[in-house]
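Have a look at the structure below, then the notes.
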Amino acid sequence: MTKMLRVFLFFFLLSISAQLFGQRIEIDRLERDFEGSFRDREAYELSQKFIQIDSTYYTGHYFEALYRYFRASDQLGYQQAIKPLTKAIFYMDKDYSRELRRTTDLFVYINTYQYQRKYAVLIDLLEKCYQYTNEPDKAIGVIRKLIKKDFVFNFGVQPYASLSWIYHRNRTYKPDKYPFLKNSIEENVQLASKFADSIKITTRKNQRYIRQWFADFANGADGSYYHFKDLIYSYLLKIDSAEYCAAQLERLDNLSKNNYGNLQFIQANYEKAEEYYDMARDQDGYQFKSTKEFDYMQSVIRIFKNDLKGAELMVANSLDVLGPTPGFGWNNIAMARVNYYAGDLEKSKEHADKAAQFLETHINSTWGKLQYDRNTLLFEYLYHQQKIKEIRFNNKFYWLSLNDLTDIAYHFFKKENAHLILTSDLSANPERFLVLYNIFATENTIFFDEIWEIIKTFNSKYFIRLFEEKRNSDPRPGIIKYYNYYIAKFHLEDGEDELAISHFQKVLEDATLDPNYEKLLIGRVYEGLALAYDNLEMPEESDSFLVRFYETYPQLVPFSPLKMKMNLEVSYQSRSEEEIELVEAIKSTNLQWTEAKQENLPTLQINFEVEDGKKQVAYSIVDTKSEGVEGRVRLETAAAEKVIYAAFGIKFNPTSKSTVAVND
């Protein structure tokens with residue numbers, strides 16, 4: 001190569017470098033002038049402009065990555081964010097290797113910290129994208145890149161906290177699913193706890209620099225440490241340790257109101273749990289599309305206290321605000337539960353089907369796909385089980401109806417198939433002892449009344465021993481009554497009625513029993529006592545507890561194996577054929593109508609009236625603590641069903657043969 005050619009190449013490369021340098025200066029200027037939100041279209045348009053100017057510079061990919069991440073609302077959206085995030089990190093590593101090094105020299109740091117801040121943000125968003133698209137192994141690889149950099153400060157990104165979260169969130173899987181995991185839940189949770197400890201350990205060497213350079217963030221590591229230790233202690237039911245961590249978080253003004261609500265919920269401190277769920281809702285403001293645990297959990301509390309209308313409105317609001325984005329599936333499961341307890345089986349199935357068909361993205365929650373699928377299957381099973389009971393309630397002579405028998409056979413087959421899958425899932429669930437059989441646990445999204453429906457056909461002797469052991473060792477006083485309830489139910493299944501009665505009474509005598517918040521439990525206890533006394537052929541006692549069941553949770557009574565006794569008083573207008581047919585239709589339901597009025601039984605009063613030339617049926621319930629059910633309907637084909645379901649706090653929908661809760 002001649003000297004002249006070498007000179008030419010030198011100046012040519014110098015010219016290219018100068019041009020490239022000038023282009024990047026222009027990109028940096030445009031970036032500084034940008035004052036919009038990364039969610040806005042302007043951010044994306046700028047990103048494309050930057051890439052067009054210089055596709056090998058990180059800034060264009062950085063802008064596109066943030067735009068796609070903050071606009072994402074499902075797995076596809078987060079998958080689309082991965083490519084620009086990866087490119088931005090690659091080009092930062094390539095061009096700024098010196099700036100992306102650890103330094104404790106303040107004068108050097110002043111010129112490098114902006115690059116380290118962007119790098120930490122990119123790492124944080126990329127690992128979240130991998131988590132949201134079910135690739136936690138890749139998320140761990142990304143996190144370790146940031147750990148290796150060993151920056152003095154990660155600008156709120158806590159890599160060891162992320163590792164703790166990933167191990168805890170994926171604790172139930174085996175290494176053949178994700179090779180980074182250990183062989184057991186206990187080992188994975190232990191590792192999650194160790195990573196949480198590492199937050200404090202690795203921060204010690206940086207703390208004096210952070211206090212000097214970023215004083216407002218000096219307690220950030222402590223907050224992250226206590227947050228994840230609190231999460232793990234709550235999961236392990238180490239209540240005192242969890243409460244201590246929560247107190248430290250409160251001191252640091254970093255307490256997750258939602259998580260503390262969960263901690264109170266698993267102790268059956270429902271009033272306090274509601275208080276914190278309300279605060280969590282206010283704090284969240286639905287600004288980020290994700291599963292709203294506080295709505296899901298608080299709707300359960302309202303079901304427990306038989307505030308079905310309140311539960312429905314809460315979940316409906318969450319559905320309206322979030323729409324079909326992450327959390328939509330869990331909201332539909334919550335709505336399926338509300339309608340199940342309200343007696344609206346068709347609506348319950350409608351929401352359960354929506355959840356089953358929705359590809360849920362589990363964001364900012366340790367609730368995962370396994371729990372989600374278990375819930376959708378549960379409500380399929382419960383629907384078919386309740387439909388059989390509903391058919392039998394609607395017609396006490398159902399065995400004479402070919403249509404009813406055909407429907408029962410169909411629902412029986414569906415119910416048994418769903419229950420078989422549920423029990424297989426349970427037997428394969430490595431968390432059943434830590435979560436399900438503890439009845440209340442932070443990772444349990446199926447609750448005591450529903451758990452019973454899954455395990456009621458299992459070996460009763462085994463479960464009586466199991467729940468006796470848990471009753472004697474559980475550190476939560478408010479949960480003991482639930483173990484006694486399960487023990488009573490299994491004794492009842494075994495025909496040991498007197499033992500069942502004694503344990504049901506223990507529930508009612510428990511000092512922690514809250515008559516306002518635990519109506520579902522109290523109602524189920526009354527139902528159990530009514531069944532036990534019926535088995536012992538003690539009808540007065542049985543009838544008395546069945547009435548109490550009705551007064552506590554009337555929506556469940558039509559689905560009980562016992563026939564409710566009720567007085568019927570009819571005031572005819574003209575004893576027309578229509579009036580007589582309606583009364584006969586009411587009498588055909590699977591209730592015991594008294595021949596002569598009996599005290600201490602609810603009375604259904606029916607008055608036939610004419611208003612504006614139209615025949616109407618006025619109805620009301622009297623002679624019971626649950627008085628207040630009253631109304632009137634037009635005298636038509638569905639009038640009998642409307643009246644009889646209204647007597648149980650249920651509104652009948654004649655167009656779909658479904659029912660919805662009535663809160664009078």
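Lettering and numbering for the structure tokens are positional, with chains as A, B, ... in the shown order, residues counted from 1 in each chain, and ligands counted from 1 in the shown order.
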
Inset, instruction - Tell me, as a list in words, which residues lie within 9 Å of range 397-403 of chain A, counting only C-alpha atoms; anything in the same chain fewer than 5 positions away does not count. - result: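 Counting only C-alpha atoms, the residues come to Ile391, Arg392, Ile408, Ser588, Thr589 and Asn590 of chain A.
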
Contacts between range 258-278 of chain A and range 290-333 of chain A, please, where a residue of range 290-333 of chain A counts if it comes within 8 Å (with only C-alpha atoms); show its shortest atom pair and distance in Å to one decimal, rows by chain and ascending number, as CSV.
residue,atom,partner,partner_atom,distance
A:Glu293,CA,A:Asn258,CA,7.2
A:Phe294,CA,A:Tyr277,CA,5.1
A:Asp295,CA,A:Tyr277,CA,7.6
A:Met297,CA,A:Asn262,CA,7.8
A:Gln298,CA,A:Glu274,CA,6.2
A:Ile301,CA,A:Tyr270,CA,6.7

Go ahead and write the residues just picked, N, CA and C atoms, as a PDB file, in the first residue's frame.
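As a result, selection-v1.pdb now contains:
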ATOM      1  N   GLU A 293     -54.720  -8.068  43.177  1.00  0.00           N
ATOM      2  CA  GLU A 293     -54.994  -9.036  44.241  1.00  0.00           C
ATOM      3  C   GLU A 293     -55.969  -8.472  45.268  1.00  0.00           C
ATOM      4  N   PHE A 294     -55.867  -7.161  45.524  1.00  0.00           N
ATOM      5  CA  PHE A 294     -56.732  -6.579  46.562  1.00  0.00           C
ATOM      6  C   PHE A 294     -58.206  -6.692  46.185  1.00  0.00           C
ATOM      7  N   ASP A 295     -58.550  -6.571  44.901  1.00  0.00           N
ATOM      8  CA  ASP A 295     -59.940  -6.740  44.482  1.00  0.00           C
ATOM      9  C   ASP A 295     -60.377  -8.193  44.619  1.00  0.00           C
ATOM     10  N   MET A 297     -59.104 -10.598  46.547  1.00  0.00           N
ATOM     11  CA  MET A 297     -59.154 -11.053  47.938  1.00  0.00           C
ATOM     12  C   MET A 297     -60.275 -10.371  48.719  1.00  0.00           C
ATOM     13  N   GLN A 298     -60.474  -9.088  48.478  1.00  0.00           N
ATOM     14  CA  GLN A 298     -61.531  -8.400  49.225  1.00  0.00           C
ATOM     15  C   GLN A 298     -62.914  -8.881  48.791  1.00  0.00           C
ATOM     16  N   ILE A 301     -63.641 -11.758  50.990  1.00  0.00           N
ATOM     17  CA  ILE A 301     -64.082 -11.346  52.326  1.00  0.00           C
ATOM     18  C   ILE A 301     -65.551 -10.962  52.301  1.00  0.00           C
TER      19      ILE A 301
END

Inset, instruction - Determine, counting only C-alpha atoms, which protein, DNA and RNA residues have an atom within 7 Å of an atom of Asn567 in chain A; residues of the same chain fewer than 4 positions away are not included. Present the result as a VMD selection string. - result: chain A and resid 593 to 594 597 to 598 601 to 604

Neighbouring residues of Asp150 in chain A were defined as those with any atom within 10 Å, considering only C-alpha atoms; residues of the same chain fewer than 5 positions away were excluded. Please report them as a PDB file with all heavy atoms, in the first residue's frame.
ATOM      1  N   LEU A 100     -19.529   1.761  31.890  1.00  0.00           N
ATOM      2  CA  LEU A 100     -20.324   0.743  32.594  1.00  0.00           C
ATOM      3  C   LEU A 100     -19.436  -0.107  33.489  1.00  0.00           C
ATOM      4  O   LEU A 100     -19.544  -1.340  33.538  1.00  0.00           O
ATOM      5  CB  LEU A 100     -21.070  -0.130  31.575  1.00  0.00           C
ATOM      6  CG  LEU A 100     -22.095   0.609  30.695  1.00  0.00           C
ATOM      7  CD1 LEU A 100     -22.711  -0.333  29.683  1.00  0.00           C
ATOM      8  CD2 LEU A 100     -23.189   1.251  31.560  1.00  0.00           C
ATOM      9  N   ARG A 101     -18.553   0.564  34.206  1.00  0.00           N
ATOM     10  CA  ARG A 101     -17.685  -0.093  35.185  1.00  0.00           C
ATOM     11  C   ARG A 101     -17.907   0.518  36.551  1.00  0.00           C
ATOM     12  O   ARG A 101     -18.298   1.675  36.671  1.00  0.00           O
ATOM     13  CB  ARG A 101     -16.210   0.074  34.800  1.00  0.00           C
ATOM     14  CG  ARG A 101     -15.786  -0.651  33.546  1.00  0.00           C
ATOM     15  CD  ARG A 101     -14.335  -0.336  33.238  1.00  0.00           C
ATOM     16  NE  ARG A 101     -13.881  -0.961  32.001  1.00  0.00           N
ATOM     17  CZ  ARG A 101     -12.695  -0.739  31.449  1.00  0.00           C
ATOM     18  NH1 ARG A 101     -11.847   0.104  32.043  1.00  0.00           N
ATOM     19  NH2 ARG A 101     -12.353  -1.335  30.325  1.00  0.00           N
ATOM     20  N   ARG A 102     -17.582  -0.263  37.549  1.00  0.00           N
ATOM     21  CA  ARG A 102     -17.690   0.247  38.917  1.00  0.00           C
ATOM     22  C   ARG A 102     -16.635   1.315  39.172  1.00  0.00           C
ATOM     23  O   ARG A 102     -15.475   1.159  38.785  1.00  0.00           O
ATOM     24  CB  ARG A 102     -17.517  -0.901  39.913  1.00  0.00           C
ATOM     25  CG  ARG A 102     -17.519  -0.449  41.379  1.00  0.00           C
ATOM     26  CD  ARG A 102     -17.306  -1.634  42.317  1.00  0.00           C
ATOM     27  NE  ARG A 102     -17.219  -1.178  43.693  1.00  0.00           N
ATOM     28  CZ  ARG A 102     -18.268  -0.915  44.465  1.00  0.00           C
ATOM     29  NH1 ARG A 102     -19.484  -1.069  43.982  1.00  0.00           N
ATOM     30  NH2 ARG A 102     -18.120  -0.511  45.703  1.00  0.00           N
ATOM     31  N   THR A 103     -17.035   2.416  39.799  1.00  0.00           N
ATOM     32  CA  THR A 103     -16.084   3.444  40.226  1.00  0.00           C
ATOM     33  C   THR A 103     -16.604   4.089  41.500  1.00  0.00           C
ATOM     34  O   THR A 103     -17.811   4.265  41.670  1.00  0.00           O
ATOM     35  CB  THR A 103     -15.878   4.516  39.150  1.00  0.00           C
ATOM     36  OG1 THR A 103     -14.967   5.520  39.646  1.00  0.00           O
ATOM     37  CG2 THR A 103     -17.185   5.199  38.777  1.00  0.00           C
ATOM     38  N   ARG A 144     -27.921 -11.439  36.086  1.00  0.00           N
ATOM     39  CA  ARG A 144     -26.523 -11.678  36.461  1.00  0.00           C
ATOM     40  C   ARG A 144     -25.568 -10.737  35.713  1.00  0.00           C
ATOM     41  O   ARG A 144     -24.456 -10.467  36.181  1.00  0.00           O
ATOM     42  CB  ARG A 144     -26.160 -13.143  36.228  1.00  0.00           C
ATOM     43  CG  ARG A 144     -26.912 -14.083  37.176  1.00  0.00           C
ATOM     44  CD  ARG A 144     -26.264 -15.446  37.292  1.00  0.00           C
ATOM     45  NE  ARG A 144     -26.999 -16.319  38.190  1.00  0.00           N
ATOM     46  CZ  ARG A 144     -26.928 -16.296  39.522  1.00  0.00           C
ATOM     47  NH1 ARG A 144     -26.140 -15.398  40.102  1.00  0.00           N
ATOM     48  NH2 ARG A 144     -27.629 -17.124  40.256  1.00  0.00           N
ATOM     49  N   LYS A 145     -25.982 -10.228  34.546  1.00  0.00           N
ATOM     50  CA  LYS A 145     -25.164  -9.225  33.845  1.00  0.00           C
ATOM     51  C   LYS A 145     -25.021  -7.974  34.700  1.00  0.00           C
ATOM     52  O   LYS A 145     -23.936  -7.383  34.785  1.00  0.00           O
ATOM     53  CB  LYS A 145     -25.826  -8.861  32.504  1.00  0.00           C
ATOM     54  CG  LYS A 145     -25.645  -9.888  31.406  1.00  0.00           C
ATOM     55  CD  LYS A 145     -26.413  -9.490  30.157  1.00  0.00           C
ATOM     56  CE  LYS A 145     -25.845  -8.253  29.500  1.00  0.00           C
ATOM     57  NZ  LYS A 145     -24.564  -8.510  28.820  1.00  0.00           N
ATOM     58  N   THR A 202     -24.734  -7.302  50.014  1.00  0.00           N
ATOM     59  CA  THR A 202     -24.025  -6.636  48.912  1.00  0.00           C
ATOM     60  C   THR A 202     -24.150  -5.121  48.967  1.00  0.00           C
ATOM     61  O   THR A 202     -23.390  -4.416  48.295  1.00  0.00           O
ATOM     62  CB  THR A 202     -24.567  -7.131  47.555  1.00  0.00           C
ATOM     63  OG1 THR A 202     -25.971  -6.890  47.498  1.00  0.00           O
ATOM     64  CG2 THR A 202     -24.300  -8.613  47.374  1.00  0.00           C
ATOM     65  N   ASN A 206     -21.452  -0.514  49.565  1.00  0.00           N
ATOM     66  CA  ASN A 206     -21.829   0.674  48.794  1.00  0.00           C
ATOM     67  C   ASN A 206     -22.563   1.729  49.615  1.00  0.00           C
ATOM     68  O   ASN A 206     -22.800   2.834  49.127  1.00  0.00           O
ATOM     69  CB  ASN A 206     -22.738   0.268  47.628  1.00  0.00           C
ATOM     70  CG  ASN A 206     -22.047  -0.670  46.667  1.00  0.00           C
ATOM     71  OD1 ASN A 206     -20.876  -0.509  46.366  1.00  0.00           O
ATOM     72  ND2 ASN A 206     -22.777  -1.667  46.185  1.00  0.00           N
TER      73      ASN A 206
END

Inset, instruction - Figure out the distance between CA of Gly495 in chain A and CA of Val507 in chain A, please, to one decimal in Å. - result: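 Here the two named atoms are 19.2 Å from each other.
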
Inset, instruction - Tell me, in Å to one decimal, how far CA of Glu127 in chain A is from CA of Ile143 in chain A. - result: 6.6 Å
